[in-house]
Amino acid sequence: MKQFIQQLLSDCIADFKAKGLLSQEFAPRFTVENTKDKKNGDLATNLAMVICKKMGRKPQDVAQLIIDSIPASDRIAKIEMAGPGFINFFMSSDHVGSQIYAMSQDPRLGVKQVSAPQTVVVDYSSPNVAKEMAVHHIRSTVIGDSVVRVLEFLGHRVIRANHVGDWGTQFGMLIAYLEKMENESASDLEVSDLEAFYRSAKVLYDEDEEFAERARKYVVRLQGGDDYCRKMWQKLVQMTMVQNQRIYDRLNVSLRPENVMGESMYNSMLAGIAEDLENRGMAVTDQGALVVFLDEFRGKDGNPMGVIIRKSDGGFLYTTTDIACAKYRVEQLHADRILYFIDSRQHDHLMQAWAIARKAGYVPAEVSLEHESFGMMLGKDGRPFKTRSGGTVKLSELLDEAEKRVTDLLAERGSDLSEEEKEKVVHEVAMGAVKYADLSKNRTTDYIFDWDSMLSFDGNTAPYLQYAYTRIRSVFRKTEFKPGEVVLGCPQEEKLALKLLQFGEAVEQVALKGMPHLLCTYLFELSGLFMTFYEACPVNRSDVDDAVRASRLTLCKVTGDTLKTGLSLLGINVLEKM
RNA sequence: GCACCUGUAGCCCAAUGGAUAAGGCGUCGCCCUCCGGAGGUGAAGAUUGUGGGUUCGACCCCCGCCAGGUGCGCCA
């Protein structure tokens, strides 16, 4: 519908140009938007206000000229000029009804696949090896995964990239410790507590000189490609990712083992990149290190910032890895667009790496690099989030607590669900609530970690959306669905129908901006409108006549399908009962 | 010191430069003789940190200031 109006207005502009009212080269940037208030119609444009100056007339007069030039259409009931020169379009309710009927027949709910699919690399989750995922990892993981689902739904080719922290000097220490553990216990090692593992290794490293010495030797051997160290390193990666995969599965995150593309993958590219930058004069030796100076970034002394590509000892830092990574994604993965879901602290560093990658021609201008940054998770004291003992809260602990709270809630209010059903409800509601708490926020600011707000089941939460869905399902347990012509007889029906038609826009916005909260907001508003409709408009009551019932059932059906599809794009499952 | 991010009601949070700044939590009311009360419905609560500027129109864009967070050469 929006496109239809846009076309009408473009025709109108062409008409004005033909009549000499506007110059040929003028390309006005006007908008057509959904109105917030029904009294301003369903869609509104600011076109008159945008072009009135060029025409030398009052905006209201121009608006009237535009209205007069728009041909009559059975899709539009009424067009009005309002306020400072808005043009408000009132859609014909027959047309809206027929669109809803069409949606009920379309598994994609009217959302079209893109005509020019892109290859999009999405970098998200990125846990560290030999560490357990903590609560803050949920942001990148859950938001990235939702954007992945949306992009795929729209027809793009998506490459999931789990940029696991699997490289660095700490691996000497970890290998030495793993070796010690294996020597001490006869059977194969099963590390259930990675946090404790890492901590103990660190303690030993700090206190035992002999151990530290061995650890340092192992780093060198690992980087040199030594078989033994390589194998031990692999074990560490394996151990960690098996545990992380359990979390992904539990959270319904679509990452798989084959999506792991860790930092170590780019290792073999680093020396070549350093050499290339040096040969082309982009990098120079400074105090023994190979450095690229960037004019657009200033260091502490106010001079162009030096970004170290190669350390004076010949080693590499993570900036070089990120340059290589971007290069790889362009050259090997043929990315058209690369999205990084990484916390805001890395922003400067990423910009530097990308600036170098662009200058070197590794990433051409037409490939877009986007940092989808978000703030840190803070404790109630406003400091980086730590537990009383100084550690972090494990993600698995948060998920356990979520399930416990849902279990308690079910017990509290009593439930006639079977044990099997209950288990499913507990799981889906708990995971939904936790994920939605993060997905629904756009905030690039830091935010306070709070059990209660993260595990709320009231208001703008996933359980509310899941609940709306179960109410719809409940309707269809009582009546067989036969799609019928949709006749919008009351304001509640009209508002609901109009919102349903905007599903595609919400989905497209998420893909464009990498912000799933736009879809959350949409689904929450949709659920609210459904609840209101449902209270006001009986569907199954005996005094409702058949035509009205068929119409309302179709609205219920399309709402249910939209909720189910929308939630699935957020990685959240619906339930038949709860 | 420099750079990046952020500032909206007691708390959380939304708003492609558009109309009366939208919701949620909490607070105070009302609603199960009717399809599921994890609900509906109403009320109170905001000089959008601050001072300028651009614009027909600014939470949004530009400049100054204040406050918070983060980052700034050999960790990742």
# chains A, B, ... in the order shown; residues from 1 in each chain; ligands from 1
$ closest_atom_pairs --of "chain A" --to "chain B" --cutoff "6 Å" --atoms "only C-alpha atoms (C1' of nucleotides)" --output "Markdown table"
| residue | atom | partner | partner_atom | distance |
| --- | --- | --- | --- | --- |
| A:Lys300 | CA | B:C2 | C1' | 5.8 |
| A:Lys311 | CA | B:C74 | C1' | 5.0 |
| A:Arg345 | CA | B:U70 | C1' | 5.6 |
| A:Thr445 | CA | B:U6 | C1' | 5.4 |
| A:Gly459 | CA | B:G24 | C1' | 5.5 |
| A:Asn460 | CA | B:G24 | C1' | 5.5 |
| A:Val475 | CA | B:C35 | C1' | 6.0 |
| A:Asn540 | CA | B:C35 | C1' | 5.5 |
$ select_by_dssp --residues "stretch 130-293 of chain A" --states "strand (DSSP E)" --output "JSON, numbers by chain"
{"A": [157, 158, 159, 160, 161, 283, 284, 285, 286, 289, 290, 291, 292, 293]}
$ residues_around --residues "A:Arg358" --least-positions-apart "3" --cutoff "12 Å" --atoms "only C-alpha atoms (C1' of nucleotides)" --output "PDB file with C-alpha atoms, in the first residue's frame"
ATOM      1  CA  LEU A 277      51.477  -3.068   3.666  1.00  0.00           C
ATOM      2  CA  MET A 282      51.533   2.091   3.972  1.00  0.00           C
ATOM      3  CA  ILE A 323      42.288  -6.777   8.809  1.00  0.00           C
ATOM      4  CA  ALA A 324      42.922 -10.316   7.606  1.00  0.00           C
ATOM      5  CA  ALA A 326      37.781  -8.572   6.631  1.00  0.00           C
ATOM      6  CA  LYS A 327      39.996  -9.421   3.654  1.00  0.00           C
ATOM      7  CA  VAL A 330      35.568 -10.257   0.952  1.00  0.00           C
ATOM      8  CA  LEU A 350      37.460  -1.914  14.425  1.00  0.00           C
ATOM      9  CA  MET A 351      37.384   1.458  12.665  1.00  0.00           C
ATOM     10  CA  GLN A 352      41.176   1.455  12.525  1.00  0.00           C
ATOM     11  CA  ALA A 353      41.366  -2.067  11.187  1.00  0.00           C
ATOM     12  CA  TRP A 354      38.724  -1.261   8.565  1.00  0.00           C
ATOM     13  CA  ALA A 355      40.350   2.017   7.588  1.00  0.00           C
ATOM     14  CA  GLY A 361      42.032  -2.203  -1.175  1.00  0.00           C
ATOM     15  CA  TYR A 362      41.206  -5.415   0.669  1.00  0.00           C
ATOM     16  CA  VAL A 363      37.658  -4.227   1.145  1.00  0.00           C
ATOM     17  CA  PRO A 364      36.220  -2.301  -1.820  1.00  0.00           C
ATOM     18  CA  ALA A 365      33.882   0.626  -1.276  1.00  0.00           C
ATOM     19  CA  GLU A 366      30.809  -1.288  -2.419  1.00  0.00           C
ATOM     20  CA  VAL A 367      31.162  -3.832   0.380  1.00  0.00           C
ATOM     21  CA  SER A 368      29.616  -2.453   3.509  1.00  0.00           C
ATOM     22  CA  LEU A 369      31.185  -3.034   6.899  1.00  0.00           C
TER      23      LEU A 369
END
$ residues_around --residues "B:G42" --least-positions-apart "2" --cutoff "12 Å" --atoms "only C-alpha atoms (C1' of nucleotides)" --output "MDAnalysis selection string"
chainID B and resid 28:31 40 44
$ write_last_selection --atoms "N, CA and C atoms (P, O5', C5', C4', C3', O3' and C1' of nucleotides)" --output "mmCIF file, in the first residue's frame"
data_model
loop_
_atom_site.group_PDB
_atom_site.id
_atom_site.type_symbol
_atom_site.label_atom_id
_atom_site.label_comp_id
_atom_site.auth_asym_id
_atom_site.auth_seq_id
_atom_site.Cartn_x
_atom_site.Cartn_y
_atom_site.Cartn_z
ATOM 1 P P C B 28 -1.081 1.074 45.261
ATOM 2 O "O5'" C B 28 -2.245 2.041 44.783
ATOM 3 C "C5'" C B 28 -2.405 3.326 45.390
ATOM 4 C "C4'" C B 28 -3.460 4.095 44.639
ATOM 5 C "C3'" C B 28 -4.704 3.293 44.269
ATOM 6 O "O3'" C B 28 -5.590 3.159 45.364
ATOM 7 C "C1'" C B 28 -3.985 4.531 42.392
ATOM 8 P P G B 29 -6.688 2.022 45.330
ATOM 9 O "O5'" G B 29 -7.707 2.590 44.255
ATOM 10 C "C5'" G B 29 -8.443 1.691 43.449
ATOM 11 C "C4'" G B 29 -9.292 2.495 42.505
ATOM 12 C "C3'" G B 29 -10.255 1.664 41.678
ATOM 13 O "O3'" G B 29 -11.444 1.398 42.387
ATOM 14 C "C1'" G B 29 -9.037 3.068 40.241
ATOM 15 P P C B 30 -11.956 -0.089 42.494
ATOM 16 O "O5'" C B 30 -12.590 -0.327 41.054
ATOM 17 C "C5'" C B 30 -13.634 0.535 40.581
ATOM 18 C "C4'" C B 30 -13.829 0.347 39.100
ATOM 19 C "C3'" C B 30 -14.064 -1.093 38.644
ATOM 20 O "O3'" C B 30 -15.382 -1.522 38.858
ATOM 21 C "C1'" C B 30 -12.488 -0.078 37.222
ATOM 22 P P C B 31 -15.591 -3.089 39.116
ATOM 23 O "O5'" C B 31 -15.253 -3.756 37.713
ATOM 24 C "C5'" C B 31 -16.085 -3.504 36.593
ATOM 25 C "C4'" C B 31 -15.613 -4.307 35.398
ATOM 26 C "C3'" C B 31 -15.497 -5.804 35.617
ATOM 27 O "O3'" C B 31 -16.763 -6.422 35.526
ATOM 28 C "C1'" C B 31 -13.611 -5.027 34.428
ATOM 29 P P G B 40 -3.462 -6.293 28.037
ATOM 30 O "O5'" G B 40 -5.006 -5.908 28.036
ATOM 31 C "C5'" G B 40 -5.838 -6.277 26.941
ATOM 32 C "C4'" G B 40 -7.243 -5.864 27.241
ATOM 33 C "C3'" G B 40 -7.419 -4.386 27.557
ATOM 34 O "O3'" G B 40 -7.550 -3.623 26.365
ATOM 35 C "C1'" G B 40 -8.519 -5.668 29.190
ATOM 36 P P A B 44 -4.600 12.242 34.057
ATOM 37 O "O5'" A B 44 -3.521 12.220 35.230
ATOM 38 C "C5'" A B 44 -3.828 12.792 36.497
ATOM 39 C "C4'" A B 44 -2.795 12.361 37.491
ATOM 40 C "C3'" A B 44 -1.354 12.619 37.077
ATOM 41 O "O3'" A B 44 -0.966 13.955 37.317
ATOM 42 C "C1'" A B 44 -1.551 10.422 37.905
#
$ atom_distance --atom1 "atom CA of A:Met173" --atom2 "atom CA of A:Arg221"
12.2 Å
$ atom_distance --atom1 "atom CA of A:Leu43" --atom2 "atom CA of A:Ser93"
13.4 Å
$ residues_around --residues "stretch 66-78 of chain A" --least-positions-apart "6" --cutoff "6 Å" --atoms "only C-alpha atoms (C1' of nucleotides)" --output "ChimeraX atom specification"
/A:90-92,95
$ residues_around --residues "B:G53" --least-positions-apart "4" --cutoff "12 Å" --atoms "only C-alpha atoms (C1' of nucleotides)" --output "list in words"
A58, C61, C62, C63 and G64 of chain B
$ select_by_dssp --residues "stretch 297-349 of chain A" --states "alpha helix (DSSP H)" --output "ChimeraX atom specification"
/A:318-331,347-349
$ residues_around --residues "A:Thr565" --least-positions-apart "3" --cutoff "10 Å" --atoms "only C-alpha atoms (C1' of nucleotides)" --output "number ranges by chain"
A: 107-109, 153, 503, 559-562, 568-574
$ write_last_selection --atoms "N, CA and C atoms" --output "PDB file, in the first residue's frame"
ATOM      1  N   PRO A 107       1.745 -18.268   2.886  1.00  0.00           N
ATOM      2  CA  PRO A 107       2.620 -18.675   3.988  1.00  0.00           C
ATOM      3  C   PRO A 107       3.660 -17.618   4.349  1.00  0.00           C
ATOM      4  N   ARG A 108       3.997 -16.739   3.408  1.00  0.00           N
ATOM      5  CA  ARG A 108       4.972 -15.686   3.699  1.00  0.00           C
ATOM      6  C   ARG A 108       4.311 -14.408   4.204  1.00  0.00           C
ATOM      7  N   LEU A 109       3.009 -14.456   4.356  1.00  0.00           N
ATOM      8  CA  LEU A 109       2.271 -13.323   4.926  1.00  0.00           C
ATOM      9  C   LEU A 109       2.532 -12.015   4.181  1.00  0.00           C
ATOM     10  N   PHE A 153      15.215 -15.062   5.810  1.00  0.00           N
ATOM     11  CA  PHE A 153      13.782 -15.030   5.490  1.00  0.00           C
ATOM     12  C   PHE A 153      13.549 -14.144   4.267  1.00  0.00           C
ATOM     13  N   PHE A 503       3.569  -5.881   8.730  1.00  0.00           N
ATOM     14  CA  PHE A 503       4.553  -6.886   9.151  1.00  0.00           C
ATOM     15  C   PHE A 503       5.820  -6.845   8.289  1.00  0.00           C
ATOM     16  N   THR A 559      -3.348 -13.092  12.457  1.00  0.00           N
ATOM     17  CA  THR A 559      -2.603 -12.599  13.622  1.00  0.00           C
ATOM     18  C   THR A 559      -1.737 -13.717  14.199  1.00  0.00           C
ATOM     19  N   GLY A 560      -2.319 -14.898  14.351  1.00  0.00           N
ATOM     20  CA  GLY A 560      -1.565 -16.032  14.886  1.00  0.00           C
ATOM     21  C   GLY A 560      -0.370 -16.374  14.016  1.00  0.00           C
ATOM     22  N   ASP A 561      -0.593 -16.413  12.721  1.00  0.00           N
ATOM     23  CA  ASP A 561       0.506 -16.738  11.800  1.00  0.00           C
ATOM     24  C   ASP A 561       1.605 -15.685  11.866  1.00  0.00           C
ATOM     25  N   THR A 562       1.186 -14.425  11.965  1.00  0.00           N
ATOM     26  CA  THR A 562       2.171 -13.343  12.023  1.00  0.00           C
ATOM     27  C   THR A 562       2.985 -13.419  13.312  1.00  0.00           C
ATOM     28  N   SER A 568       9.449 -16.499  15.440  1.00  0.00           N
ATOM     29  CA  SER A 568      10.477 -17.418  14.941  1.00  0.00           C
ATOM     30  C   SER A 568      11.667 -16.637  14.388  1.00  0.00           C
ATOM     31  N   LEU A 569      11.404 -15.450  13.844  1.00  0.00           N
ATOM     32  CA  LEU A 569      12.505 -14.618  13.354  1.00  0.00           C
ATOM     33  C   LEU A 569      13.328 -14.056  14.511  1.00  0.00           C
ATOM     34  N   LEU A 570      12.735 -14.053  15.701  1.00  0.00           N
ATOM     35  CA  LEU A 570      13.489 -13.643  16.891  1.00  0.00           C
ATOM     36  C   LEU A 570      14.142 -14.857  17.553  1.00  0.00           C
ATOM     37  N   GLY A 571      13.879 -16.036  16.990  1.00  0.00           N
ATOM     38  CA  GLY A 571      14.422 -17.251  17.601  1.00  0.00           C
ATOM     39  C   GLY A 571      13.629 -17.681  18.820  1.00  0.00           C
ATOM     40  N   ILE A 572      12.343 -17.325  18.843  1.00  0.00           N
ATOM     41  CA  ILE A 572      11.492 -17.683  19.983  1.00  0.00           C
ATOM     42  C   ILE A 572      10.342 -18.549  19.480  1.00  0.00           C
ATOM     43  N   ASN A 573      10.043 -19.631  20.210  1.00  0.00           N
ATOM     44  CA  ASN A 573       8.989 -20.543  19.788  1.00  0.00           C
ATOM     45  C   ASN A 573       7.659 -20.213  20.446  1.00  0.00           C
ATOM     46  N   VAL A 574       6.584 -20.548  19.733  1.00  0.00           N
ATOM     47  CA  VAL A 574       5.244 -20.357  20.300  1.00  0.00           C
ATOM     48  C   VAL A 574       4.771 -21.673  20.916  1.00  0.00           C
TER      49      VAL A 574
END
$ atom_distance --atom1 "atom CA of A:Asp546" --atom2 "atom CA of A:Lys482"
10.6 Å
